[in-house]
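S.K.: Below is the file start_18.tsv, which contains TSV, C-alpha atoms.
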chain	number	residue	atom	x	y	z
A	211	MET	CA	118.62	98.72	104.02
A	212	ASN	CA	120.78	95.91	105.35
A	213	ILE	CA	119.52	94.72	108.75
A	214	ILE	CA	120.80	91.96	111.01
A	215	GLN	CA	118.35	90.57	113.57
A	216	VAL	CA	119.97	89.09	116.70
A	217	PRO	CA	117.83	86.87	118.97
A	218	ARG	CA	119.17	84.50	121.62
A	219	ARG	CA	118.04	81.51	119.55
A	220	PHE	CA	115.88	80.80	116.53
A	221	VAL	CA	114.54	77.27	116.08
A	222	SER	CA	111.17	76.00	114.87
A	223	SER	CA	110.85	73.51	117.75
A	224	GLU	CA	110.85	76.31	120.35
A	225	TRP	CA	108.66	78.87	118.64
A	226	GLY	CA	107.13	81.82	120.43
A	227	GLY	CA	106.06	85.41	119.96
A	228	THR	CA	109.61	86.74	119.57
A	229	GLU	CA	110.39	84.31	116.75
A	230	THR	CA	107.10	85.15	115.02
A	231	VAL	CA	107.80	88.89	115.13
A	232	ILE	CA	111.30	88.50	113.71
A	233	LEU	CA	110.27	86.11	110.94
A	234	GLU	CA	107.11	87.91	109.81
A	235	THR	CA	108.69	91.36	109.68
A	236	SER	CA	111.84	89.99	108.01
A	237	LYS	CA	109.76	88.28	105.31
A	238	ARG	CA	108.06	91.54	104.50
A	239	LEU	CA	111.28	93.56	104.67
A	240	ILE	CA	112.80	91.20	102.10
A	241	ALA	CA	109.68	91.37	99.91
A	242	ARG	CA	110.05	95.17	99.86
A	243	GLY	CA	113.65	95.02	98.68
A	244	HIS	CA	115.55	95.20	101.96
A	245	HIS	CA	117.97	92.63	103.36
A	246	SER	CA	117.09	91.17	106.75
A	247	GLU	CA	118.96	88.17	108.07
A	248	ILE	CA	118.82	86.40	111.42
A	249	LEU	CA	122.13	85.85	113.23
A	250	CYS	CA	122.02	83.86	116.46
A	251	PRO	CA	123.80	81.14	118.49
A	252	THR	CA	123.36	77.45	117.71
A	253	ALA	CA	121.32	76.97	120.90
A	254	LEU	CA	118.97	74.00	120.31
A	255	SER	CA	119.99	73.77	116.65
A	256	GLU	CA	123.33	72.77	115.13
A	257	VAL	CA	122.27	73.86	111.62
A	258	ALA	CA	124.78	76.55	110.70
A	259	ALA	CA	122.79	78.06	107.85
A	260	GLU	CA	119.29	77.65	106.48
A	261	GLU	CA	116.45	79.62	104.97
A	262	ILE	CA	113.10	79.79	106.74
A	263	GLN	CA	110.27	81.15	104.60
A	264	THR	CA	112.68	83.25	102.46
A	265	VAL	CA	114.57	84.57	105.51
A	266	PRO	CA	118.25	83.58	105.83
A	267	VAL	CA	119.23	82.25	109.26
A	268	ARG	CA	122.89	81.99	110.29
A	269	ARG	CA	123.96	80.37	113.54
A	270	VAL	CA	127.26	80.71	115.39
A	271	SER	CA	129.07	78.80	118.12
A	272	TYR	CA	128.66	79.89	121.75
A	273	PHE	CA	129.41	78.84	125.33
A	274	TYR	CA	128.22	79.43	128.88
A	275	PRO	CA	131.00	80.88	131.08
A	276	TYR	CA	130.44	78.64	134.11
A	277	PHE	CA	132.69	76.00	135.64
A	278	GLY	CA	130.85	72.83	136.58
A	279	LEU	CA	127.86	73.27	134.25
A	280	SER	CA	126.36	69.89	133.33
A	281	ALA	CA	125.03	69.01	129.88
A	282	SER	CA	121.47	68.87	131.20
A	283	SER	CA	121.84	72.29	132.84
A	284	ARG	CA	123.21	73.73	129.60
A	285	HIS	CA	120.18	72.35	127.78
A	286	MET	CA	117.88	73.99	130.31
A	287	LEU	CA	119.68	77.30	129.82
A	288	ASP	CA	119.31	76.92	126.06
A	289	LYS	CA	115.58	76.54	126.45
A	290	LYS	CA	115.06	79.56	128.67
A	291	GLY	CA	117.13	82.45	129.94
A	292	GLY	CA	120.73	81.35	129.42
A	293	ASN	CA	123.34	84.13	129.65
A	294	LEU	CA	125.75	82.96	126.96
A	295	PHE	CA	128.71	84.38	125.03
A	296	SER	CA	129.93	84.02	121.44
A	297	PHE	CA	133.20	85.23	119.94
A	298	GLU	CA	131.99	84.08	116.52
A	299	LEU	CA	128.94	86.34	116.76
A	300	MET	CA	131.21	89.29	117.47
A	301	LYS	CA	133.36	88.48	114.44
A	302	ARG	CA	130.34	88.14	112.15
A	303	LEU	CA	128.91	91.46	113.28
A	304	GLN	CA	132.27	93.17	112.88
A	305	THR	CA	132.79	91.88	109.32
A	306	SER	CA	129.31	91.67	107.76
A	307	PRO	CA	129.48	93.93	104.67
A	308	GLY	CA	127.16	96.88	104.05
A	309	LEU	CA	125.52	96.76	107.46
A	310	ASP	CA	123.11	99.64	108.16
A	311	ILE	CA	121.54	98.71	111.47
A	312	ILE	CA	121.44	95.86	114.02
A	313	HIS	CA	118.15	94.90	115.64
A	314	LEU	CA	118.73	93.20	118.99
A	315	HIS	CA	116.04	90.98	120.51
A	316	THR	CA	117.82	89.87	123.67
A	317	GLY	CA	120.16	91.27	126.30
A	318	LYS	CA	122.80	90.32	128.86
A	319	ARG	CA	126.18	89.25	127.41
A	320	LEU	CA	124.75	88.63	123.96
A	321	GLY	CA	123.39	92.16	123.95
A	322	GLY	CA	126.77	93.40	125.07
A	323	ILE	CA	128.39	91.79	122.03
A	324	VAL	CA	125.98	93.66	119.75
A	325	ARG	CA	126.72	96.90	121.60
A	326	TYR	CA	130.49	96.39	121.30
A	327	ALA	CA	130.42	95.51	117.58
A	328	ALA	CA	128.00	98.31	116.70
A	329	ARG	CA	130.10	100.93	118.46
A	330	GLN	CA	133.25	99.67	116.73
A	331	ARG	CA	131.56	99.87	113.32
A	332	ARG	CA	129.72	103.10	114.13
A	333	VAL	CA	126.38	101.66	113.06
A	334	PRO	CA	123.28	102.05	115.21
A	335	TYR	CA	121.62	99.23	117.08
A	336	VAL	CA	118.08	99.16	118.39
A	337	VAL	CA	116.61	96.86	121.03
A	338	THR	CA	113.16	95.31	121.22
A	339	LEU	CA	112.03	94.32	124.70
A	340	HIS	CA	109.70	91.36	124.29
A	341	GLY	CA	108.67	91.46	127.93
A	342	GLY	CA	111.77	89.94	129.46
A	343	VAL	CA	113.35	92.84	131.35
A	344	TYR	CA	111.06	95.01	133.49
A	345	ASP	CA	107.75	93.18	133.16
A	346	VAL	CA	108.64	89.76	134.58
A	347	PRO	CA	107.47	88.38	137.96
A	348	SER	CA	110.44	87.80	140.27
A	349	GLU	CA	109.55	84.15	140.84
A	350	GLU	CA	109.72	83.50	137.10
A	351	ALA	CA	113.02	85.36	136.67
A	352	ALA	CA	114.51	83.21	139.43
A	353	THR	CA	113.89	80.06	137.37
A	354	TRP	CA	116.13	81.36	134.58
A	355	THR	CA	119.28	81.01	136.66
A	356	GLU	CA	118.29	77.85	138.53
A	357	PRO	CA	120.42	75.59	136.25
A	358	THR	CA	123.58	77.51	137.25
A	359	ARG	CA	123.19	76.76	140.96
A	360	GLY	CA	126.34	75.12	142.30
A	361	THR	CA	128.52	76.32	139.41
A	362	LEU	CA	131.26	78.93	139.35
A	363	GLU	CA	130.64	81.82	136.96
A	364	TRP	CA	133.67	83.31	135.25
A	365	GLY	CA	131.91	85.39	132.60
A	366	LYS	CA	131.53	88.67	134.45
A	367	LEU	CA	134.77	89.94	132.91
A	368	LEU	CA	133.38	89.16	129.46
A	369	GLY	CA	130.24	91.09	130.29
A	370	ALA	CA	132.26	94.05	131.54
A	371	TRP	CA	134.43	93.98	128.39
A	372	VAL	CA	131.46	94.27	126.00
A	373	GLY	CA	129.42	96.57	128.23
A	374	ALA	CA	126.58	94.16	128.94
A	375	ARG	CA	125.17	96.48	131.61
A	376	ARG	CA	124.96	99.40	129.15
A	377	VAL	CA	123.03	97.70	126.35
A	378	LEU	CA	119.86	99.73	126.82
A	379	GLU	CA	121.64	102.92	127.82
A	380	ASP	CA	123.73	102.99	124.62
A	381	ALA	CA	121.08	101.77	122.16
A	382	ALA	CA	119.98	104.21	119.49
A	383	ALA	CA	116.35	103.46	120.43
A	384	ILE	CA	114.24	100.98	122.37
A	385	LEU	CA	111.07	99.30	121.16
A	386	CYS	CA	108.58	97.62	123.51
A	387	VAL	CA	105.79	95.21	122.66
A	388	GLY	CA	104.14	95.71	126.05
A	389	ALA	CA	102.66	98.97	127.38
A	390	ARG	CA	103.84	98.39	130.96
A	391	GLU	CA	107.41	97.81	129.88
A	392	LEU	CA	107.33	100.93	127.69
A	393	ASP	CA	106.28	103.04	130.69
A	394	GLU	CA	109.16	101.60	132.70
A	395	VAL	CA	111.69	102.28	129.94
A	396	ARG	CA	110.56	105.89	129.58
A	397	ALA	CA	110.85	106.39	133.33
A	398	ARG	CA	114.37	104.92	133.45
A	399	PHE	CA	115.65	106.52	130.23
A	400	PRO	CA	113.74	109.81	129.82
A	401	GLU	CA	116.13	111.08	127.13
A	402	LYS	CA	116.07	107.85	125.12
A	403	ARG	CA	113.85	107.33	122.10
A	404	ALA	CA	111.39	104.64	123.22
A	405	GLU	CA	108.35	103.55	121.27
A	406	ALA	CA	105.65	100.91	121.26
A	407	MET	CA	105.94	98.45	118.38
A	408	PRO	CA	103.18	95.86	118.77
A	409	ASN	CA	103.20	92.29	117.59
A	410	GLY	CA	101.14	91.53	114.52
A	411	VAL	CA	99.22	88.83	112.72
A	412	ASP	CA	98.67	87.63	109.17
A	413	THR	CA	94.97	88.41	109.06
A	414	VAL	CA	94.48	86.90	105.60
A	415	ARG	CA	96.09	83.58	106.52
A	416	PHE	CA	94.24	83.09	109.81
A	417	ALA	CA	90.86	84.09	108.34
A	418	VAL	CA	90.37	80.77	106.55
A	419	GLY	CA	90.58	77.41	108.34
A	420	ASP	CA	88.87	74.04	108.63
A	421	GLY	CA	87.96	73.41	112.24
A	422	ARG	CA	86.06	70.22	111.49
A	423	ARG	CA	89.11	68.70	109.84
A	424	PHE	CA	91.21	69.49	112.90
A	425	ILE	CA	88.63	67.98	115.27
A	426	ALA	CA	88.43	64.81	113.19
A	427	ALA	CA	92.21	64.51	112.90
A	428	GLN	CA	92.54	64.73	116.71
A	429	ALA	CA	89.72	62.23	117.25
A	430	ILE	CA	87.73	64.69	119.34
A	431	PRO	CA	83.97	63.99	119.48
A	432	ALA	CA	82.25	66.42	117.14
A	433	ASP	CA	79.63	67.50	119.69
A	434	ARG	CA	82.11	68.95	122.20
A	435	LYS	CA	82.70	72.64	122.82
A	436	ILE	CA	86.38	73.33	122.21
A	437	ILE	CA	88.42	75.52	124.56
A	438	LEU	CA	91.81	76.28	122.97
A	439	THR	CA	95.00	77.44	124.66
A	440	VAL	CA	98.18	78.07	122.64
A	441	GLY	CA	101.50	78.68	124.40
A	442	ARG	CA	104.65	76.89	125.46
A	443	ILE	CA	104.22	74.39	128.28
A	444	ASP	CA	105.64	76.40	131.15
A	445	PRO	CA	104.39	77.70	134.52
A	446	GLN	CA	104.30	81.22	133.04
A	447	LYS	CA	101.54	80.14	130.66
A	448	ASN	CA	99.55	78.60	133.54
A	449	GLN	CA	97.82	75.77	131.73
A	450	LEU	CA	96.99	74.34	135.17
A	451	LEU	CA	94.34	77.04	135.44
A	452	ALA	CA	92.84	75.93	132.12
A	453	ILE	CA	92.52	72.38	133.44
A	454	SER	CA	90.88	73.57	136.66
A	455	ALA	CA	88.46	75.75	134.68
A	456	LEU	CA	87.60	72.82	132.42
A	457	ARG	CA	86.52	70.73	135.42
A	458	ARG	CA	84.19	73.49	136.60
A	459	ILE	CA	82.74	74.00	133.12
A	460	ILE	CA	81.97	70.30	132.70
A	461	ASP	CA	80.44	70.20	136.18
A	462	GLU	CA	78.05	72.94	135.00
A	463	GLY	CA	76.76	70.58	132.34
A	464	VAL	CA	78.70	71.80	129.29
A	465	ASN	CA	80.14	69.12	127.03
A	466	ALA	CA	83.58	70.76	126.82
A	467	HIS	CA	87.04	69.69	125.65
A	468	LEU	CA	90.37	71.44	126.24
A	469	VAL	CA	93.07	71.59	123.54
A	470	LEU	CA	96.57	72.62	124.66
A	471	ILE	CA	99.10	73.45	121.94
A	472	GLY	CA	102.66	74.39	122.79
A	473	ALA	CA	106.31	73.39	122.77
A	474	VAL	CA	107.49	71.90	126.06
A	475	THR	CA	110.01	74.18	127.78
A	476	ASN	CA	109.42	72.68	131.22
A	477	ARG	CA	109.09	68.89	131.35
A	478	GLU	CA	108.33	68.90	135.08
A	479	TYR	CA	105.41	71.23	134.50
A	480	LEU	CA	104.08	68.98	131.75
A	481	ASN	CA	104.07	66.13	134.26
A	482	LYS	CA	102.09	68.31	136.67
A	483	LEU	CA	99.50	68.98	133.97
A	484	ASP	CA	99.17	65.27	133.31
A	485	GLU	CA	98.82	64.48	137.01
A	486	GLU	CA	96.19	67.19	137.51
A	487	ALA	CA	94.16	65.98	134.52
A	488	LYS	CA	94.18	62.48	135.96
A	489	ARG	CA	93.27	63.72	139.45
A	490	LEU	CA	90.29	65.65	138.08
A	491	GLU	CA	89.31	62.74	135.80
A	492	LEU	CA	89.77	64.83	132.65
A	493	THR	CA	92.19	62.75	130.58
A	494	GLY	CA	89.45	61.97	128.05
A	495	ARG	CA	88.60	65.66	127.83
A	496	LEU	CA	92.09	66.94	127.13
A	497	THR	CA	94.14	66.93	123.93
A	498	PHE	CA	97.78	67.97	124.14
A	499	ILE	CA	99.76	68.78	120.99
A	500	PRO	CA	103.46	69.49	121.69
A	501	GLY	CA	103.88	72.31	119.24
A	502	ILE	CA	102.67	72.98	115.70
A	503	ALA	CA	104.93	74.62	113.13
A	504	SER	CA	104.18	78.32	112.87
A	505	ASP	CA	103.56	78.06	109.12
A	506	SER	CA	101.37	74.97	109.35
A	507	GLN	CA	97.73	75.07	108.29
A	508	ASP	CA	97.07	72.82	111.29
A	509	LEU	CA	97.60	75.83	113.57
A	510	VAL	CA	95.05	77.89	111.66
A	511	ASP	CA	92.60	74.98	111.68
A	512	ALA	CA	93.06	74.61	115.45
A	513	TYR	CA	91.88	78.18	115.98
A	514	HIS	CA	88.89	77.62	113.73
A	515	ALA	CA	88.00	74.50	115.72
A	516	ALA	CA	87.77	76.53	118.92
A	517	ASP	CA	84.50	77.79	120.40
A	518	VAL	CA	86.52	80.02	122.72
A	519	PHE	CA	90.20	80.90	123.08
A	520	LEU	CA	91.66	81.03	126.59
A	521	LEU	CA	94.87	82.83	127.58
A	522	PRO	CA	95.49	81.88	131.25
A	523	SER	CA	99.04	83.30	131.59
A	524	ARG	CA	100.56	84.56	134.83
A	525	HIS	CA	102.80	86.91	132.85
A	526	GLU	CA	102.26	88.07	129.26
A	527	PRO	CA	103.94	91.18	127.81
A	528	PHE	CA	101.62	91.22	124.79
A	529	GLY	CA	99.92	87.97	123.81
A	530	ILE	CA	100.38	87.45	120.08
A	531	VAL	CA	98.08	84.41	120.26
A	532	ILE	CA	95.22	86.79	121.04
A	533	LEU	CA	95.74	88.37	117.63
A	534	GLU	CA	95.74	84.96	115.96
A	535	ALA	CA	92.48	84.03	117.69
A	536	TRP	CA	90.94	87.36	116.69
A	537	ALA	CA	92.05	86.95	113.07
A	538	ALA	CA	90.35	83.53	113.06
A	539	GLY	CA	87.17	85.09	114.41
A	540	ARG	CA	87.30	83.44	117.84
A	541	PRO	CA	86.07	84.99	121.12
A	542	VAL	CA	88.88	85.57	123.62
A	543	VAL	CA	88.94	85.12	127.41
A	544	ALA	CA	92.28	86.20	128.90
A	545	SER	CA	93.98	86.90	132.22
A	546	ARG	CA	94.46	90.55	133.11
A	547	VAL	CA	98.27	90.59	133.17
A	548	GLY	CA	101.17	92.49	131.60
A	549	GLY	CA	100.32	94.08	128.27
A	550	VAL	CA	97.07	92.16	127.74
A	551	PRO	CA	94.77	94.97	129.01
A	552	SER	CA	96.39	97.35	126.52
A	553	VAL	CA	95.37	94.98	123.72
A	554	VAL	CA	92.02	93.63	124.92
A	555	THR	CA	89.22	95.99	125.92
A	556	ASP	CA	87.25	94.10	128.54
A	557	GLY	CA	83.68	93.41	127.42
A	558	VAL	CA	84.25	94.83	123.95
A	559	ASN	CA	86.63	92.54	122.04
A	560	GLY	CA	87.33	90.03	124.81
A	561	ILE	CA	86.73	89.24	128.46
A	562	LEU	CA	89.42	89.61	131.13
A	563	PHE	CA	89.77	87.90	134.50
A	564	ASP	CA	92.22	88.31	137.36
A	565	SER	CA	95.34	86.20	136.97
A	566	GLY	CA	95.08	82.87	138.80
A	567	ASP	CA	91.30	83.00	139.28
A	568	ALA	CA	90.19	79.71	137.73
A	569	CYS	CA	86.59	80.18	138.89
A	570	ALA	CA	86.30	83.55	137.15
A	571	ALA	CA	87.89	82.15	133.99
A	572	ALA	CA	85.40	79.25	134.00
A	573	ASP	CA	82.45	81.59	134.56
A	574	HIS	CA	83.47	83.83	131.65
A	575	ILE	CA	84.02	80.85	129.35
A	576	LEU	CA	80.59	79.53	130.32
A	577	SER	CA	79.06	82.91	129.46
A	578	VAL	CA	80.65	82.84	126.02
A	579	LEU	CA	79.71	79.23	125.32
A	580	GLN	CA	76.11	79.75	126.44
A	581	SER	CA	75.51	83.06	124.68
A	582	PRO	CA	75.90	83.11	120.88
A	583	GLU	CA	75.20	86.86	120.95
A	584	LEU	CA	78.07	87.59	123.36
A	585	SER	CA	80.41	85.20	121.56
A	586	GLY	CA	79.71	86.71	118.14
A	587	ARG	CA	79.91	90.30	119.35
A	588	ILE	CA	83.33	90.10	121.01
A	589	ALA	CA	84.71	87.83	118.26
A	590	ASN	CA	83.69	90.26	115.51
A	591	ALA	CA	85.09	93.23	117.42
A	592	GLY	CA	88.38	91.39	117.90
A	593	MET	CA	88.59	90.42	114.24
A	594	GLU	CA	88.07	94.03	113.18
A	595	LYS	CA	90.72	95.29	115.61
A	596	ALA	CA	93.23	92.72	114.34
A	597	ARG	CA	92.59	93.78	110.76
A	598	LEU	CA	92.84	97.51	111.40
A	599	ASP	CA	95.62	97.72	114.01
A	600	TYR	CA	97.77	94.60	113.91
A	601	ASP	CA	98.18	93.32	110.37
A	602	TRP	CA	101.86	92.47	109.74
A	603	ASP	CA	102.04	94.66	106.64
A	604	ALA	CA	101.09	97.72	108.68
A	605	VAL	CA	103.51	96.79	111.49
A	606	THR	CA	106.34	96.31	108.98
A	607	SER	CA	105.65	99.69	107.38
A	608	ARG	CA	106.02	101.32	110.80
A	609	LEU	CA	109.23	99.38	111.41
A	610	ILE	CA	110.76	100.49	108.09
A	611	GLY	CA	110.06	104.12	108.92
A	612	PHE	CA	111.58	103.64	112.35
A	613	TYR	CA	114.76	102.06	110.91
A	614	GLN	CA	115.16	104.86	108.39
A	615	GLU	CA	114.82	107.55	111.05
A	616	VAL	CA	117.35	105.84	113.32
A	617	ILE	CA	119.87	105.37	110.50
A	618	LEU	CA	119.49	109.00	109.43
A	619	ALA	CA	119.91	110.29	112.98
A	620	ASN	CA	123.03	108.16	113.40
A	621	SER	CA	124.56	109.42	110.13
A	622	VAL	CA	123.94	113.03	111.18
A	623	ARG	CA	125.75	112.40	114.47
Starting from the file, lay out its structure as structure tokens.
M.R.:
Amino acid sequence: MNIIQVPRRFVSSEWGGTETVILETSKRLIARGHHSEILCPTALSEVAAEEIQTVPVRRVSYFYPYFGLSASSRHMLDKKGGNLFSFELMKRLQTSPGLDIIHLHTGKRLGGIVRYAARQRRVPYVVTLHGGVYDVPSEEAATWTEPTRGTLEWGKLLGAWVGARRVLEDAAAILCVGARELDEVRARFPEKRAEAMPNGVDTVRFAVGDGRRFIAAQAIPADRKIILTVGRIDPQKNQLLAISALRRIIDEGVNAHLVLIGAVTNREYLNKLDEEAKRLELTGRLTFIPGIASDSQDLVDAYHAADVFLLPSRHEPFGIVILEAWAAGRPVVASRVGGVPSVVTDGVNGILFDSGDACAAADHILSVLQSPELSGRIANAGMEKARLDYDWDAVTSRLIGFYQEVILANSVR
């Protein structure tokens, strides 16, 4: 099979769950004799062509159809939520030889371009919803368009031309990583093929790490209990809650230390985290690492350094970092949001708390840190679930079967 993957951007400095899914499945598709290449705009990267871990990445020019858009606002749109357009992407999709299927990982005008090109070529396209359509809090969605305030949009005609509003309606099938979003898709498109396709994890890679090396490299005192949070620095990920919980945990007499790892997508929010740490007198108890390469052993070692993994998000369609923590054998405490409850069984392979409840998060973390039996039990259950249900090889096998069925159904039509 010849597959083109189309995300809104693909750069190592702004890595997240979507990028991990595309890269890990593409690596395994290629290893099994298929062709899978990533085709995306040059947002946040001017490198036109490169290879990332055996996967070819091609980038094309693009623009935002707004009059009066400043360079800083364009950069903000690049980082999160920008509704862009690319004539070069359309040309590449229309002329790429031997194309069997297009896998779309975004929407809006970019999705419309995929729809338009696929219909012209009479090849199927499928869409994965990574939690950015029906399962997003309204206050977060509002931040995506904030940089366009005061500008004049002229791109609605472009969107109408490529059918941007019909991307999901005309897709051959829709995949969802989150259970809540899948329910919404099935309700809105009852005749459409819609399936759950979970994120995955390299269980072999994350199983072996050197936590002590990581602690020493970060100059963290060896006697501290490590609370780890991995996620981009953004209000959605709610690292402010982690800082508040840390204060409570230390006040209960636990010698704890918080490690935050994540690319900065919101500089203002990073400043808030710094101010809150200073206000609560926690600067010496907090280590911030602005992103670790997804293929770095440092990331694996960070998980192995943790005594507990905390996911404090306000919105999380799936939570691929939960799988990474499980694969490393770490106990997980996570907020009960989005698709997380469909992944974590409360009290069995993790502990859930209500979103925004820092006191509850702190109490659960304290329970894990103070009870080796509880910590070991939920960590082992999580590790087993990751191995059985979420290994990337198993996910890729399901994806190959899905592609083949879609291609066959399209050829019959």
S.K.: Take atom CA of A:Phe519 and atom CA of A:Glu583 and report the distance between them in Å, one decimal.
M.R.: 16.3 Å
S.K.: Smallest atom-to-atom distance to A:Ile430: which of A:Lys290, A:His340, A:Arg269, A:His467, using all atoms listed in the file?
M.R.: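 Ranking A:Lys290, A:His340, A:Arg269, A:His467 by distance to A:Ile430, first place goes to A:His467.
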S.K.: So how many Å separate atom CA of A:Leu470 and atom CA of A:Cys569, to one decimal?
M.R.: 19.0 Å
S.K.: Pick out the closest residue to A:Ile471 from this set: A:Gly226, A:Gly373, A:Gly322, A:Pro357. Count all atoms listed in the file.
M.R.: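 For A:Ile471, the nearest of the given residues is A:Gly226.
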S.K.: Considering only C-alpha atoms, tabulate each residue of stretch 411-478 of chain A that lies at most 9 Å from stretch 505-517 of chain A along with its nearest interatomic pair and the corresponding distance in Å to one decimal; arrange the rows by chain and ascending residue number and present them as a Markdown table.
M.R.:
| residue | atom | partner | partner_atom | distance |
| --- | --- | --- | --- | --- |
| A:Arg415 | CA | A:Val510 | CA | 7.7 |
| A:Phe416 | CA | A:Val510 | CA | 5.6 |
| A:Ala417 | CA | A:Val510 | CA | 8.2 |
| A:Val418 | CA | A:Val510 | CA | 7.5 |
| A:Gly419 | CA | A:Asp511 | CA | 4.6 |
| A:Asp420 | CA | A:Asp511 | CA | 4.9 |
| A:Gly421 | CA | A:Ala515 | CA | 3.6 |
| A:Arg422 | CA | A:Ala515 | CA | 6.3 |
| A:Arg423 | CA | A:Asp511 | CA | 7.4 |
| A:Phe424 | CA | A:Asp511 | CA | 5.8 |
| A:Ile425 | CA | A:Ala515 | CA | 6.6 |
| A:Lys435 | CA | A:Asp517 | CA | 6.0 |
| A:Ile436 | CA | A:Ala516 | CA | 4.8 |
| A:Ile437 | CA | A:Ala516 | CA | 5.8 |
| A:Leu438 | CA | A:Ala516 | CA | 5.7 |
| A:Val469 | CA | A:Ala516 | CA | 8.6 |
| A:Ile471 | CA | A:Leu509 | CA | 8.8 |
S.K.: Find the spatial neighbours of A:Glu247, counting only C-alpha atoms, within a cut-off of 10 Å - ignore same-chain residues fewer than 6 positions away - and output them as a PyMOL selection string.
M.R.: chain A and resi 212-216+232-233+236-237+239-240+261+264-268
S.K.: Any idea what's packed within 12 Å of stretch 563-567 of chain A, counting all atoms listed in the file, ignoring anything in its chain fewer than 2 positions away? Could you give it as a PyMOL selection string?
M.R.: chain A and resi 445-452+454-455+520-526+542-548+550-551+554-557+560-561+569-575
S.K.: Could you name the residues that touch A:Met407 at 9 Å or less, counting all atoms listed in the file, but leaving out those on the same chain fewer than 3 positions away, as a ChimeraX atom specification?
M.R.: /A:338,385-388,605,608-609
S.K.: Find the distance between atom CA of A:Pro217 and atom CA of A:Leu392 and write it in Å to one decimal.
M.R.: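 These two atoms are separated by 19.6 Å.
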S.K.: Which residues of stretch 381-466 of chain A have any atom within 9 Å of an atom in stretch 491-501 of chain A when counting all atoms listed in the file, and what is the closest pair of atoms for each, with the distance in Å to one decimal? Order the rows by chain and rising number and write it as CSV.
M.R.:
residue,atom,partner,partner_atom,distance
A:Gln428,CA,A:Thr497,CA,7.7
A:Ile430,CA,A:Thr497,CA,8.2
A:Val440,CA,A:Gly501,CA,8.8
A:Gly441,CA,A:Gly501,CA,8.5
A:Arg442,CA,A:Gly501,CA,7.8
A:Ile443,CA,A:Pro500,CA,8.2
A:Ile453,CA,A:Leu492,CA,8.1
A:Leu456,CA,A:Leu492,CA,8.3
A:Arg457,CA,A:Leu492,CA,7.3
A:Ala466,CA,A:Arg495,CA,7.2
S.K.: At a cut-off of 12 Å, using all atoms listed in the file, what residues contact A:Glu256? Leave out same-chain residues fewer than 4 positions from it and give the result as a list of chain:residue names.
M.R.: A:Arg219, A:Phe220, A:Val221, A:Cys250, A:Pro251, A:Thr252, A:Glu260, A:Val267, A:Arg268, A:Arg269, A:Val270, A:Ser271, A:Tyr272
S.K.: Smallest atom-to-atom distance to A:Arg540: which of A:Ile617, A:Ala487, A:Thr439, A:Ser255, using only C-alpha atoms?
M.R.: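 Of A:Ile617, A:Ala487, A:Thr439, A:Ser255, the one nearest A:Arg540 is A:Thr439, counting only C-alpha atoms.
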S.K.: So, with only C-alpha atoms as the atoms that count, which of A:Trp536, A:Trp225, A:Phe399, A:Tyr613 lies closest to A:Leu254?
M.R.: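 So, comparing all the options, the nearest one is A:Trp225.
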S.K.: Please work out which residues fall within 7 Å of (125.8, 90.0, 110.6), coordinates as given in the file, with all atoms listed in the file counting, and return them as a tab-separated table (two decimals) with C-alpha atoms, keeping the file's coordinate frame.
M.R.:
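Output file selection.tsv follows:
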chain	number	residue	atom	x	y	z
A	214	ILE	CA	120.80	91.96	111.01
A	249	LEU	CA	122.13	85.85	113.23
A	302	ARG	CA	130.34	88.14	112.15
A	303	LEU	CA	128.91	91.46	113.28
A	306	SER	CA	129.31	91.67	107.76
S.K.: I'd like to know which of A:Pro400, A:Gln263, A:Asp603, A:Arg238 is closest to A:Ser222, using only C-alpha atoms.
M.R.: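 Result for the nearest residue to A:Ser222: A:Gln263.
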S.K.: Within 12 Å of (123.1, 99.6, 130.8) in the file's own coordinates, which protein, DNA or RNA residues have an atom, counting all atoms listed in the file? List them as JSON, numbers by chain.
M.R.: {"A": [317, 318, 319, 321, 322, 325, 343, 369, 370, 372, 373, 374, 375, 376, 377, 378, 379, 380, 381, 395, 398, 399]}
S.K.: Between A:Ala432, A:Lys289, A:Tyr344, A:Ala259, which is the closest to A:Asp444 once you count only C-alpha atoms?
M.R.: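 Smallest distance to A:Asp444 is found for A:Lys289.
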S.K.: Taking only N, CA and C atoms, show stretch 438-443 of chain A of the given structure as a CSV table (one decimal), in the first residue's frame.
M.R.:
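So result-v8.csv came out as:
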chain,number,residue,atom,x,y,z
A,438,LEU,N,6.2,13.0,38.3
A,438,LEU,CA,6.5,13.3,36.9
A,438,LEU,C,5.2,13.7,36.2
A,439,THR,N,5.3,14.8,35.4
A,439,THR,CA,4.2,15.2,34.5
A,439,THR,C,4.8,15.4,33.1
A,440,VAL,N,4.3,14.8,32.1
A,440,VAL,CA,4.8,15.0,30.7
A,440,VAL,C,3.7,15.5,29.8
A,441,GLY,N,3.9,16.7,29.2
A,441,GLY,CA,2.9,17.3,28.4
A,441,GLY,C,3.3,18.7,28.0
A,442,ARG,N,2.8,19.2,26.9
A,442,ARG,CA,3.2,20.5,26.5
A,442,ARG,C,2.7,21.5,27.5
A,443,ILE,N,3.5,22.6,27.6
A,443,ILE,CA,3.2,23.6,28.6
A,443,ILE,C,2.1,24.5,28.1
